[in-house]
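Enquirer: Please find upload_15.tsv (TSV, C-alpha atoms) on the next line:
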```tsv
chain	number	residue	atom	x	y	z
A	1	MET	CA	-36.64	6.31	-16.03
A	2	GLN	CA	-39.87	5.52	-17.69
A	3	SER	CA	-43.30	4.98	-16.19
A	4	ALA	CA	-44.61	1.44	-16.08
A	5	GLU	CA	-47.50	-0.39	-14.46
A	6	LYS	CA	-47.14	-3.80	-12.87
A	7	LEU	CA	-50.34	-5.76	-12.58
A	8	THR	CA	-50.66	-8.09	-9.62
A	9	LYS	CA	-53.58	-8.36	-7.22
A	10	LYS	CA	-53.22	-4.60	-6.87
A	11	VAL	CA	-52.04	-2.11	-9.44
A	12	PHE	CA	-48.79	-0.42	-8.48
A	13	LEU	CA	-47.41	2.62	-10.20
A	14	GLY	CA	-43.72	2.29	-10.77
A	15	TRP	CA	-40.80	3.09	-12.93
A	16	VAL	CA	-38.34	1.17	-15.04
A	17	CYS	CA	-35.07	2.57	-13.74
A	18	LYS	CA	-31.61	2.22	-15.22
A	19	CYS	CA	-29.00	1.55	-12.56
A	20	ASP	CA	-25.45	2.95	-12.63
A	21	CYS	CA	-24.34	-0.57	-13.57
A	22	GLU	CA	-26.57	-0.33	-16.70
A	23	LYS	CA	-29.17	-2.92	-15.53
A	24	GLU	CA	-32.84	-2.00	-15.73
A	25	LYS	CA	-35.23	-2.78	-12.91
A	26	TRP	CA	-38.89	-2.05	-12.25
A	27	VAL	CA	-39.35	-0.18	-8.95
A	28	GLU	CA	-42.51	0.97	-7.18
A	29	THR	CA	-42.83	4.75	-6.97
A	30	SER	CA	-43.07	4.66	-3.16
A	31	ARG	CA	-39.75	2.79	-2.88
A	32	LEU	CA	-38.10	5.53	-4.95
A	33	THR	CA	-39.70	8.47	-3.13
A	34	LYS	CA	-38.89	6.99	0.30
A	35	GLY	CA	-35.30	6.30	-0.76
A	36	ILE	CA	-35.62	2.56	-0.10
A	37	THR	CA	-34.39	1.42	-3.51
A	38	LYS	CA	-31.05	2.88	-4.55
A	39	SER	CA	-29.81	0.29	-7.02
A	40	CYS	CA	-30.77	-2.89	-8.84
A	41	GLY	CA	-29.11	-4.84	-6.03
A	42	CYS	CA	-25.56	-4.37	-7.23
A	43	ILE	CA	-24.71	-2.12	-4.24
A	44	CYS	CA	-25.50	-4.97	-1.82
A	45	THR	CA	-23.39	-7.34	-3.91
A	46	ASP	CA	-20.47	-4.90	-3.80
A	47	ILE	CA	-20.78	-4.45	-0.01
A	48	ILE	CA	-20.94	-8.21	0.58
A	49	GLU	CA	-17.84	-8.71	-1.57
A	50	LYS	CA	-15.92	-6.02	0.35
A	51	VAL	CA	-16.88	-7.58	3.70
A	52	ARG	CA	-15.88	-11.05	2.45
A	53	LYS	CA	-12.48	-9.79	1.28
A	54	ARG	CA	-11.88	-7.98	4.59
A	55	PHE	CA	-12.84	-11.11	6.54
A	56	GLN	CA	-10.47	-13.22	4.46
A	57	LYS	CA	-7.62	-10.75	4.91
A	58	GLU	CA	-8.14	-10.60	8.70
A	59	ASN	CA	-9.00	-14.25	9.41
A	60	MET	CA	-7.58	-16.49	6.72
A	61	LEU	CA	-4.09	-17.96	6.70
A	62	GLU	CA	-3.07	-20.13	3.77
A	63	GLY	CA	-6.70	-20.23	2.65
A	64	THR	CA	-7.92	-21.55	6.00
A	65	SER	CA	-9.78	-19.87	8.84
A	66	LEU	CA	-7.98	-20.66	12.08
A	67	LYS	CA	-11.01	-19.31	13.96
A	68	GLY	CA	-13.18	-21.78	12.05
A	69	ILE	CA	-10.91	-24.66	13.03
A	70	ALA	CA	-11.01	-23.64	16.68
A	71	ARG	CA	-14.76	-22.89	16.73
A	72	ASN	CA	-16.90	-24.73	19.28
A	73	LEU	CA	-19.53	-27.31	18.44
A	74	ASN	CA	-22.64	-25.90	16.74
A	75	LYS	CA	-25.83	-25.82	18.84
A	76	ASN	CA	-27.69	-27.99	16.33
A	77	ASN	CA	-25.02	-30.73	16.31
A	78	LYS	CA	-26.61	-34.05	17.29
A	79	SER	CA	-23.57	-36.33	17.12
A	80	GLY	CA	-21.57	-34.53	19.80
A	81	THR	CA	-18.57	-34.39	17.44
A	82	LYS	CA	-17.74	-31.46	15.21
A	83	GLY	CA	-17.88	-32.44	11.54
A	84	VAL	CA	-19.98	-35.59	12.03
A	85	CYS	CA	-23.66	-35.93	11.20
A	86	TYR	CA	-26.23	-38.51	10.18
A	87	SER	CA	-27.83	-38.27	6.75
A	88	PRO	CA	-31.29	-39.85	6.64
A	89	ALA	CA	-31.26	-39.50	2.84
A	90	VAL	CA	-28.38	-41.95	2.43
A	91	LYS	CA	-28.79	-43.65	5.83
A	92	LYS	CA	-25.12	-43.10	6.62
A	93	TYR	CA	-23.01	-41.16	9.09
A	94	ILE	CA	-20.94	-38.48	7.40
A	95	ALA	CA	-17.54	-37.20	8.47
A	96	TYR	CA	-16.68	-33.92	6.81
A	97	LEU	CA	-14.00	-31.27	7.03
A	98	THR	CA	-13.39	-28.09	5.04
A	99	PHE	CA	-9.77	-27.13	4.47
A	100	LYS	CA	-8.45	-24.42	2.15
A	101	GLY	CA	-11.90	-24.06	0.63
A	102	LYS	CA	-12.29	-27.75	-0.23
A	103	LYS	CA	-14.80	-29.98	1.53
A	104	ILE	CA	-13.71	-33.53	2.30
A	105	THR	CA	-16.66	-35.86	2.89
A	106	LYS	CA	-16.69	-39.56	3.77
A	107	ARG	CA	-19.66	-41.83	4.59
A	108	PHE	CA	-19.87	-44.61	7.17
A	109	ASP	CA	-22.32	-47.16	8.50
A	110	THR	CA	-21.60	-46.33	12.15
A	111	GLU	CA	-21.18	-43.11	14.08
A	112	ASP	CA	-17.97	-44.42	15.70
A	113	GLU	CA	-16.35	-44.92	12.27
A	114	ALA	CA	-17.33	-41.37	11.24
A	115	ILE	CA	-15.93	-39.90	14.48
A	116	LYS	CA	-12.67	-41.82	14.05
A	117	CYS	CA	-12.37	-40.57	10.47
A	118	ARG	CA	-13.05	-36.97	11.49
A	119	LYS	CA	-10.30	-37.15	14.13
A	120	GLU	CA	-7.89	-38.55	11.51
A	121	LEU	CA	-8.80	-35.77	9.08
A	122	GLU	CA	-8.18	-33.15	11.81
A	123	GLU	CA	-4.76	-34.68	12.52
A	124	LYS	CA	-3.84	-34.74	8.84
A	125	TYR	CA	-5.11	-31.29	7.82
A	126	PHE	CA	-5.65	-29.07	10.86
A	127	LYS	CA	-2.85	-30.07	13.22
A	128	PRO	CA	0.07	-29.01	10.96
A	129	ILE	CA	-1.34	-25.54	10.26
A	130	LEU	CA	-2.33	-24.99	13.90
A	131	ASN	CA	1.16	-25.99	15.06
A	132	LYS	CA	2.79	-23.77	12.45
A	133	TYR	CA	0.88	-20.65	13.49
A	134	LYS	CA	1.01	-21.44	17.20
A	135	LYS	CA	4.81	-21.21	16.96
A	136	LEU	CA	4.56	-17.76	15.35
A	137	ASN	CA	2.42	-16.32	18.18
```
As structure tokens, how would this structure be written, given the file I've shared?

Expert:
Amino acid sequence: MQSAEKLTKKVFLGWVCKCDCEKEKWVETSRLTKGITKSCGCICTDIIEKVRKRFQKENMLEGTSLKGIARNLNKNNKSGTKGVCYSPAVKKYIAYLTFKGKKITKRFDTEDEAIKCRKELEEKYFKPILNKYKKLN
């Protein structure tokens, strides 16, 4: 650690600290003495990655979340159909579906066309995997 001053509207006394991962980061003295800062941020990244991997192991089958497929309509959904929304930027209705980490997106002039497409996408992609794992339970 080495002492350093950071000039903003106020002058803060701080330290340039070297993290276990070898990155250097400026940290206010009070954040060090209170134990608030413990790394350059790499600890949070590691924790997030561990949680993501555990979630995938517990919830993903063939790269797809069955819970995600079965999830109810989001509160902010305005179309009344999961995976269908209106984009004011392109002035089109969008039907979308995420399957095995890939997002499938199609645009339509009418909401009815987008809803029909979404239902077809669900039949093509979701129905086979749901049927396969329903038989196993």

Enquirer: List the neighbours of region 113-115 of chain A out to 8 Å using only C-alpha atoms; skip same-chain residues closer than 5 positions along the sequence, and give me the result as number ranges by chain.

Expert: A: 81, 84, 93-95, 106-108

Enquirer: Go ahead and compute the interatomic distance for CA of Lys38 (chain A) and CA of Cys21 (chain A), in Å to one decimal.

Expert: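 Atom-to-atom, CA of Lys38 (chain A) to CA of Cys21 (chain A), that is 11.8 Å.
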
Enquirer: Any idea what the distance is between CA of Glu58 (chain A) and CA of Tyr133 (chain A)?

Expert: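 CA of Tyr133 (chain A) lies at a distance of 14.3 Å from CA of Glu58 (chain A).
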
Enquirer: Rounded to one decimal, what separation in Å do you get between CA of Asp112 (chain A) and CA of Asn76 (chain A)?

Expert: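 Separating CA of Asp112 (chain A) from CA of Asn76 (chain A) is a distance of 19.1 Å.
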
Enquirer: Here is a test: counting all atoms listed in the file, which residue of A:Lys82, A:Arg31, A:Lys25, A:Arg71 is nearest to Cys117 (chain A)?

Expert: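 Under the stated criterion, the closest residue is A:Lys82.
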
Enquirer: Please provide the set of residues having any atom within 10 Å of Phe126 (chain A), restricted to all atoms listed in the file, with same-chain residues fewer than 3 positions apart removed, written as number ranges by chain.

Expert: A: 64, 66, 69-70, 97-99, 119-123, 129-131

Enquirer: Measuring between only C-alpha atoms, which one of A:Gly35, A:Gly83, A:Gly14, A:Pro128 shows the shortest distance to Lys116 (chain A)?

Expert: A:Gly83

Enquirer: Counting all atoms listed in the file, which of A:Trp15, A:Lys102, A:Lys91, A:Asp46 gets nearest to Val27 (chain A)?

Expert: A:Trp15

Enquirer: Can you work out which one of A:Leu73, A:Glu62, A:Ser39, A:Gly68 has the shortest atom-to-atom distance to Lys100 (chain A), counting all atoms listed in the file?

Expert: A:Glu62
